[in-house]
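Enquirer: Below is start06.pdb; it holds PDB, C-alpha atoms, pLDDT in the B column.
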```pdb
MODEL        1
ATOM      1  CA  MET A   1     -49.079 -14.551  34.194  1.00 46.00           C
ATOM      2  CA  ILE A   2     -46.864 -11.981  32.430  1.00 49.00           C
ATOM      3  CA  GLU A   3     -47.551 -11.624  28.757  1.00 51.00           C
ATOM      4  CA  ASN A   4     -44.613 -11.779  26.380  1.00 55.00           C
ATOM      5  CA  SER A   5     -44.499  -8.306  24.842  1.00 55.00           C
ATOM      6  CA  VAL A   6     -41.465  -8.890  22.569  1.00 54.00           C
ATOM      7  CA  SER A   7     -42.601  -9.238  19.007  1.00 62.00           C
ATOM      8  CA  TYR A   8     -40.832 -11.168  16.281  1.00 57.00           C
ATOM      9  CA  GLY A   9     -39.551  -7.933  14.704  1.00 60.00           C
ATOM     10  CA  GLN A  10     -38.019  -6.788  17.967  1.00 67.00           C
ATOM     11  CA  CYS A  11     -36.369 -10.175  18.436  1.00 72.00           C
ATOM     12  CA  GLU A  12     -34.810  -9.910  14.981  1.00 73.00           C
ATOM     13  CA  LEU A  13     -33.466  -6.454  15.817  1.00 71.00           C
ATOM     14  CA  LEU A  14     -31.927  -7.874  18.970  1.00 72.00           C
ATOM     15  CA  TRP A  15     -29.971 -10.550  17.039  1.00 75.00           C
ATOM     16  CA  TRP A  16     -29.193  -8.434  13.964  1.00 75.00           C
ATOM     17  CA  ARG A  17     -25.928  -6.981  15.291  1.00 77.00           C
ATOM     18  CA  TYR A  18     -24.613 -10.407  16.318  1.00 78.00           C
ATOM     19  CA  ARG A  19     -25.397 -11.843  12.904  1.00 80.00           C
ATOM     20  CA  SER A  20     -23.740  -8.873  11.235  1.00 83.00           C
ATOM     21  CA  VAL A  21     -20.551  -9.334  13.249  1.00 81.00           C
ATOM     22  CA  SER A  22     -20.615 -13.069  12.576  1.00 83.00           C
ATOM     23  CA  ARG A  23     -20.977 -12.512   8.825  1.00 82.00           C
ATOM     24  CA  ALA A  24     -18.163  -9.963   8.848  1.00 82.00           C
ATOM     25  CA  LEU A  25     -15.871 -12.393  10.678  1.00 81.00           C
ATOM     26  CA  LEU A  26     -16.702 -15.205   8.247  1.00 82.00           C
ATOM     27  CA  ARG A  27     -16.109 -12.921   5.254  1.00 80.00           C
ATOM     28  CA  THR A  28     -12.787 -11.760   6.707  1.00 81.00           C
ATOM     29  CA  HIS A  29     -11.695 -15.346   7.312  1.00 81.00           C
ATOM     30  CA  HIS A  30     -12.699 -16.373   3.785  1.00 83.00           C
ATOM     31  CA  ASP A  31     -10.952 -13.353   2.217  1.00 85.00           C
ATOM     32  CA  THR A  32      -7.789 -13.968   4.259  1.00 88.00           C
ATOM     33  CA  ALA A  33      -7.664 -17.630   3.260  1.00 88.00           C
ATOM     34  CA  ALA A  34      -8.153 -16.730  -0.413  1.00 89.00           C
ATOM     35  CA  PHE A  35      -5.500 -14.001  -0.179  1.00 91.00           C
ATOM     36  CA  ALA A  36      -3.012 -16.462   1.334  1.00 92.00           C
ATOM     37  CA  GLN A  37      -3.735 -19.026  -1.379  1.00 93.00           C
ATOM     38  CA  ILE A  38      -3.270 -16.456  -4.160  1.00 93.00           C
ATOM     39  CA  ASN A  39      -0.015 -15.236  -2.633  1.00 93.00           C
ATOM     40  CA  ARG A  40       1.238 -18.802  -2.225  1.00 95.00           C
ATOM     41  CA  ALA A  41       0.640 -19.413  -5.940  1.00 95.00           C
ATOM     42  CA  LEU A  42       2.478 -16.179  -6.788  1.00 95.00           C
ATOM     43  CA  ILE A  43       5.465 -17.116  -4.629  1.00 96.00           C
ATOM     44  CA  GLU A  44       5.661 -20.558  -6.224  1.00 96.00           C
ATOM     45  CA  GLU A  45       5.574 -19.021  -9.689  1.00 96.00           C
ATOM     46  CA  LEU A  46       8.254 -16.474  -8.765  1.00 95.00           C
ATOM     47  CA  ASP A  47      10.428 -19.300  -7.378  1.00 96.00           C
ATOM     48  CA  GLY A  48      10.188 -21.027 -10.760  1.00 96.00           C
ATOM     49  CA  ILE A  49      11.199 -17.814 -12.503  1.00 95.00           C
ATOM     50  CA  ARG A  50      14.128 -17.398 -10.101  1.00 95.00           C
ATOM     51  CA  ARG A  51      15.322 -20.917 -10.947  1.00 96.00           C
ATOM     52  CA  ARG A  52      15.063 -20.094 -14.658  1.00 95.00           C
ATOM     53  CA  GLU A  53      17.077 -16.931 -14.026  1.00 94.00           C
ATOM     54  CA  GLN A  54      19.821 -18.897 -12.272  1.00 95.00           C
ATOM     55  CA  ASP A  55      19.935 -21.400 -15.125  1.00 94.00           C
ATOM     56  CA  PHE A  56      20.101 -18.539 -17.605  1.00 92.00           C
ATOM     57  CA  VAL A  57      22.995 -16.800 -15.821  1.00 90.00           C
ATOM     58  CA  LEU A  58      24.936 -20.055 -15.581  1.00 91.00           C
ATOM     59  CA  ASP A  59      24.293 -20.748 -19.266  1.00 89.00           C
ATOM     60  CA  VAL A  60      25.572 -17.297 -20.307  1.00 85.00           C
ATOM     61  CA  SER A  61      28.619 -17.723 -18.061  1.00 84.00           C
ATOM     62  CA  GLU A  62      29.387 -21.128 -19.545  1.00 84.00           C
ATOM     63  CA  LYS A  63      29.147 -19.708 -23.063  1.00 78.00           C
ATOM     64  CA  LEU A  64      31.560 -16.908 -22.178  1.00 76.00           C
ATOM     65  CA  PHE A  65      34.021 -19.305 -20.575  1.00 77.00           C
ATOM     66  CA  ALA A  66      33.810 -21.630 -23.557  1.00 74.00           C
ATOM     67  CA  ALA A  67      34.530 -18.739 -25.924  1.00 67.00           C
ATOM     68  CA  GLY A  68      37.663 -17.616 -24.107  1.00 63.00           C
ATOM     69  CA  ASP A  69      40.773 -19.144 -22.677  1.00 59.00           C
ATOM     70  CA  VAL A  70      40.014 -19.371 -18.964  1.00 57.00           C
ATOM     71  CA  SER A  71      43.491 -20.642 -18.105  1.00 58.00           C
ATOM     72  CA  ARG A  72      44.815 -17.073 -18.433  1.00 56.00           C
ATOM     73  CA  ARG A  73      43.876 -14.226 -16.143  1.00 58.00           C
ATOM     74  CA  ASP A  74      43.374 -11.724 -18.940  1.00 59.00           C
ATOM     75  CA  VAL A  75      40.795 -13.518 -21.028  1.00 60.00           C
ATOM     76  CA  ASP A  76      40.548 -12.084 -24.515  1.00 68.00           C
ATOM     77  CA  LEU A  77      37.194 -12.736 -26.122  1.00 69.00           C
ATOM     78  CA  GLU A  78      36.378 -12.183 -29.725  1.00 76.00           C
ATOM     79  CA  PRO A  79      34.115  -9.156 -30.223  1.00 80.00           C
ATOM     80  CA  GLU A  80      31.486 -11.408 -31.796  1.00 83.00           C
ATOM     81  CA  ALA A  81      31.418 -13.614 -28.699  1.00 77.00           C
ATOM     82  CA  VAL A  82      31.013 -10.586 -26.443  1.00 79.00           C
ATOM     83  CA  ASP A  83      28.250  -9.168 -28.643  1.00 87.00           C
ATOM     84  CA  GLU A  84      26.456 -12.518 -28.648  1.00 85.00           C
ATOM     85  CA  ALA A  85      26.720 -12.778 -24.878  1.00 83.00           C
ATOM     86  CA  TYR A  86      25.289  -9.278 -24.390  1.00 87.00           C
ATOM     87  CA  ARG A  87      22.462  -9.932 -26.837  1.00 91.00           C
ATOM     88  CA  ALA A  88      21.622 -13.188 -25.083  1.00 89.00           C
ATOM     89  CA  ALA A  89      21.766 -11.476 -21.680  1.00 89.00           C
ATOM     90  CA  ILE A  90      19.473  -8.659 -22.792  1.00 93.00           C
ATOM     91  CA  ALA A  91      16.990 -11.024 -24.431  1.00 94.00           C
ATOM     92  CA  GLY A  92      17.008 -13.326 -21.407  1.00 92.00           C
ATOM     93  CA  MET A  93      16.503 -10.503 -18.939  1.00 92.00           C
ATOM     94  CA  ARG A  94      13.584  -9.174 -20.991  1.00 95.00           C
ATOM     95  CA  GLU A  95      12.000 -12.607 -21.039  1.00 95.00           C
ATOM     96  CA  LEU A  96      12.463 -13.090 -17.296  1.00 94.00           C
ATOM     97  CA  SER A  97      11.210  -9.579 -16.510  1.00 95.00           C
ATOM     98  CA  GLN A  98       8.125 -10.223 -18.622  1.00 96.00           C
ATOM     99  CA  ALA A  99       7.532 -13.493 -16.775  1.00 96.00           C
ATOM    100  CA  VAL A 100       7.712 -11.683 -13.414  1.00 95.00           C
ATOM    101  CA  ALA A 101       5.325  -8.972 -14.612  1.00 95.00           C
ATOM    102  CA  ASP A 102       2.904 -11.592 -15.970  1.00 96.00           C
ATOM    103  CA  ALA A 103       2.976 -13.483 -12.664  1.00 96.00           C
ATOM    104  CA  HIS A 104       2.124 -10.324 -10.730  1.00 95.00           C
ATOM    105  CA  VAL A 105      -0.667  -9.431 -13.154  1.00 95.00           C
ATOM    106  CA  ARG A 106      -2.186 -12.903 -12.764  1.00 95.00           C
ATOM    107  CA  SER A 107      -2.012 -12.514  -8.990  1.00 94.00           C
ATOM    108  CA  ILE A 108      -3.701  -9.103  -9.087  1.00 93.00           C
ATOM    109  CA  GLU A 109      -6.400 -10.443 -11.418  1.00 93.00           C
ATOM    110  CA  ALA A 110      -7.016 -13.355  -9.036  1.00 92.00           C
ATOM    111  CA  LEU A 111      -7.359 -10.927  -6.120  1.00 88.00           C
ATOM    112  CA  TRP A 112      -9.740  -8.829  -8.205  1.00 88.00           C
ATOM    113  CA  ARG A 113     -11.886 -11.867  -9.042  1.00 89.00           C
ATOM    114  CA  GLN A 114     -11.861 -12.845  -5.373  1.00 85.00           C
ATOM    115  CA  SER A 115     -13.017  -9.400  -4.294  1.00 80.00           C
ATOM    116  CA  GLY A 116     -16.025  -9.774  -6.602  1.00 78.00           C
ATOM    117  CA  LYS A 117     -17.080 -12.934  -4.728  1.00 69.00           C
ATOM    118  CA  ARG A 118     -17.437 -11.175  -1.368  1.00 56.00           C
ATOM    119  CA  SER A 119     -21.158 -10.640  -1.700  1.00 49.00           C
ATOM    120  CA  THR A 120     -21.737 -14.406  -2.071  1.00 48.00           C
ATOM    121  CA  VAL A 121     -20.257 -15.278   1.341  1.00 44.00           C
ATOM    122  CA  ALA A 122     -22.941 -15.320   4.010  1.00 41.00           C
TER     123      ALA A 122
ENDMDL
END
```
Would you mind writing the file out in structure tokens?
Expert:
Amino acid sequence: MIENSVSYGQCELLWWRYRSVSRALLRTHHDTAAFAQINRALIEELDGIRRREQDFVLDVSEKLFAAGDVSRRDVDLEPEAVDEAYRAAIAGMRELSQAVADAHVRSIEALWRQSGKRSTVA
């Protein structure tokens, strides 16, 4: 009868590389799924901001049309109406730009938190 000369330690070394590859594949799958979920949330938030931007542009346009006589081709607006429209446009664009920046920062922070969880996936 042939004696089994493979010890437990040698058997573990034999399977170590397969377990390592398996863990790496699981970690990659988990990271990819988390990345997709974070990006999906970012895209949804940016879609909401885009809708707000469209509403804002339409609102400014309506205010300008209401301030002038749109039946004529050469619409003459009062300087105060033009100044108000520009102020509103600048304030609105700052608000929307800040919302976009905040959305991206939240997404980056979520990715950062996710990268800290890598060591817990086995």
Enquirer: Got a sec: who's within 8 Å of region 42-52 of chain A, counting only C-alpha atoms, leaving out chain neighbours fewer than 2 positions off, as a PyMOL selection string?
Expert: chain A and resi 38-40+54-56+96+99-100+103-104+107
Enquirer: Name the residues that the PyMOL selection byres ((chain A and resi 81-86) around 8) pulls out of this structure, and write them as an MDAnalysis selection string.
Expert: chainID A and resid 60 63:64 67 77:80 87:90
Enquirer: Can you measure CA of Ala34 (chain A) to CA of Gln114 (chain A) for me? One decimal in Å is fine.
Expert: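 About the pair CA of Ala34 (chain A) and CA of Gln114 (chain A): they are 7.3 Å apart.
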Enquirer: Which residue gives the smallest distance to Gly116 (chain A) among A:Asp31, A:Met93, A:Ala41, A:Ser61, with all atoms listed in the file counted?
Expert: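 Of A:Asp31, A:Met93, A:Ala41, A:Ser61, the one nearest Gly116 (chain A), counting all atoms listed in the file, is A:Asp31.
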Enquirer: Report, in Å with one decimal, the straight-line distance from CA of Leu26 (chain A) to CA of Arg113 (chain A).
Expert: 18.3 Å
Enquirer: Calculate how many Å separate CA of Ala101 (chain A) from CA of Glu53 (chain A), rounding to one decimal.
Expert: 14.2 Å
Enquirer: Report the centre and edge lengths, in Å to one decimal, of an axis-aligned box enclosing every atom of region 104-117 of chain A listed in the file, padded by 4 Å on each side, as lines of an AutoDock Vina configuration file.
Expert:
```
center_x = -7.5
center_y = -11.1
center_z = -8.7
size_x = 27.2
size_y = 12.5
size_z = 16.9
```
Enquirer: Using all atoms listed in the file, which residue out of A:Val105, A:Leu58, A:Ala66, A:Leu111 lies closest to Gln37 (chain A)?
Expert: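 That would be A:Leu111, the residue with the smallest distance to Gln37 (chain A).
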Enquirer: Restore N, CA, C and O atoms in region 54-68 of chain A and list the result as a PDB file, keeping the file's coordinate frame.
Expert:
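Saved file part30.pdb follows:
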```
ATOM      1  N   GLN A  54      18.536 -18.299 -12.646  1.00 95.00           N
ATOM      2  CA  GLN A  54      19.821 -18.897 -12.272  1.00 95.00           C
ATOM      3  C   GLN A  54      20.373 -19.768 -13.402  1.00 95.00           C
ATOM      4  O   GLN A  54      21.559 -19.694 -13.722  1.00 95.00           O
ATOM      5  N   ASP A  55      19.500 -20.568 -14.002  1.00 94.00           N
ATOM      6  CA  ASP A  55      19.935 -21.400 -15.125  1.00 94.00           C
ATOM      7  C   ASP A  55      20.426 -20.536 -16.284  1.00 94.00           C
ATOM      8  O   ASP A  55      21.430 -20.841 -16.928  1.00 94.00           O
ATOM      9  N   PHE A  56      19.725 -19.445 -16.522  1.00 92.00           N
ATOM     10  CA  PHE A  56      20.101 -18.539 -17.605  1.00 92.00           C
ATOM     11  C   PHE A  56      21.475 -17.912 -17.354  1.00 92.00           C
ATOM     12  O   PHE A  56      22.330 -17.885 -18.244  1.00 92.00           O
ATOM     13  N   VAL A  57      21.709 -17.433 -16.150  1.00 90.00           N
ATOM     14  CA  VAL A  57      22.995 -16.800 -15.821  1.00 90.00           C
ATOM     15  C   VAL A  57      24.132 -17.813 -15.942  1.00 90.00           C
ATOM     16  O   VAL A  57      25.200 -17.504 -16.489  1.00 90.00           O
ATOM     17  N   LEU A  58      23.908 -19.017 -15.457  1.00 91.00           N
ATOM     18  CA  LEU A  58      24.936 -20.055 -15.581  1.00 91.00           C
ATOM     19  C   LEU A  58      25.197 -20.406 -17.048  1.00 91.00           C
ATOM     20  O   LEU A  58      26.344 -20.613 -17.451  1.00 91.00           O
ATOM     21  N   ASP A  59      24.144 -20.450 -17.843  1.00 89.00           N
ATOM     22  CA  ASP A  59      24.293 -20.748 -19.266  1.00 89.00           C
ATOM     23  C   ASP A  59      25.114 -19.667 -19.973  1.00 89.00           C
ATOM     24  O   ASP A  59      26.023 -19.971 -20.755  1.00 89.00           O
ATOM     25  N   VAL A  60      24.805 -18.398 -19.697  1.00 85.00           N
ATOM     26  CA  VAL A  60      25.572 -17.297 -20.307  1.00 85.00           C
ATOM     27  C   VAL A  60      27.024 -17.359 -19.853  1.00 85.00           C
ATOM     28  O   VAL A  60      27.950 -17.185 -20.663  1.00 85.00           O
ATOM     29  N   SER A  61      27.249 -17.628 -18.576  1.00 84.00           N
ATOM     30  CA  SER A  61      28.619 -17.723 -18.061  1.00 84.00           C
ATOM     31  C   SER A  61      29.379 -18.857 -18.738  1.00 84.00           C
ATOM     32  O   SER A  61      30.547 -18.697 -19.119  1.00 84.00           O
ATOM     33  N   GLU A  62      28.732 -20.008 -18.887  1.00 84.00           N
ATOM     34  CA  GLU A  62      29.387 -21.128 -19.545  1.00 84.00           C
ATOM     35  C   GLU A  62      29.753 -20.806 -20.989  1.00 84.00           C
ATOM     36  O   GLU A  62      30.820 -21.184 -21.469  1.00 84.00           O
ATOM     37  N   LYS A  63      28.860 -20.092 -21.677  1.00 78.00           N
ATOM     38  CA  LYS A  63      29.147 -19.708 -23.063  1.00 78.00           C
ATOM     39  C   LYS A  63      30.347 -18.770 -23.127  1.00 78.00           C
ATOM     40  O   LYS A  63      31.190 -18.883 -24.015  1.00 78.00           O
ATOM     41  N   LEU A  64      30.426 -17.837 -22.184  1.00 76.00           N
ATOM     42  CA  LEU A  64      31.560 -16.908 -22.178  1.00 76.00           C
ATOM     43  C   LEU A  64      32.861 -17.642 -21.863  1.00 76.00           C
ATOM     44  O   LEU A  64      33.891 -17.385 -22.480  1.00 76.00           O
ATOM     45  N   PHE A  65      32.808 -18.547 -20.915  1.00 77.00           N
ATOM     46  CA  PHE A  65      34.021 -19.305 -20.575  1.00 77.00           C
ATOM     47  C   PHE A  65      34.443 -20.207 -21.724  1.00 77.00           C
ATOM     48  O   PHE A  65      35.628 -20.401 -21.961  1.00 77.00           O
ATOM     49  N   ALA A  66      33.497 -20.760 -22.423  1.00 74.00           N
ATOM     50  CA  ALA A  66      33.810 -21.630 -23.557  1.00 74.00           C
ATOM     51  C   ALA A  66      34.408 -20.833 -24.711  1.00 74.00           C
ATOM     52  O   ALA A  66      35.228 -21.354 -25.475  1.00 74.00           O
ATOM     53  N   ALA A  67      34.035 -19.567 -24.823  1.00 67.00           N
ATOM     54  CA  ALA A  67      34.530 -18.739 -25.924  1.00 67.00           C
ATOM     55  C   ALA A  67      35.937 -18.215 -25.666  1.00 67.00           C
ATOM     56  O   ALA A  67      36.633 -17.833 -26.603  1.00 67.00           O
ATOM     57  N   GLY A  68      36.343 -18.178 -24.418  1.00 63.00           N
ATOM     58  CA  GLY A  68      37.663 -17.616 -24.107  1.00 63.00           C
ATOM     59  C   GLY A  68      38.566 -18.661 -23.472  1.00 63.00           C
ATOM     60  O   GLY A  68      38.167 -19.772 -23.159  1.00 63.00           O
TER      61      GLY A  68
END
```
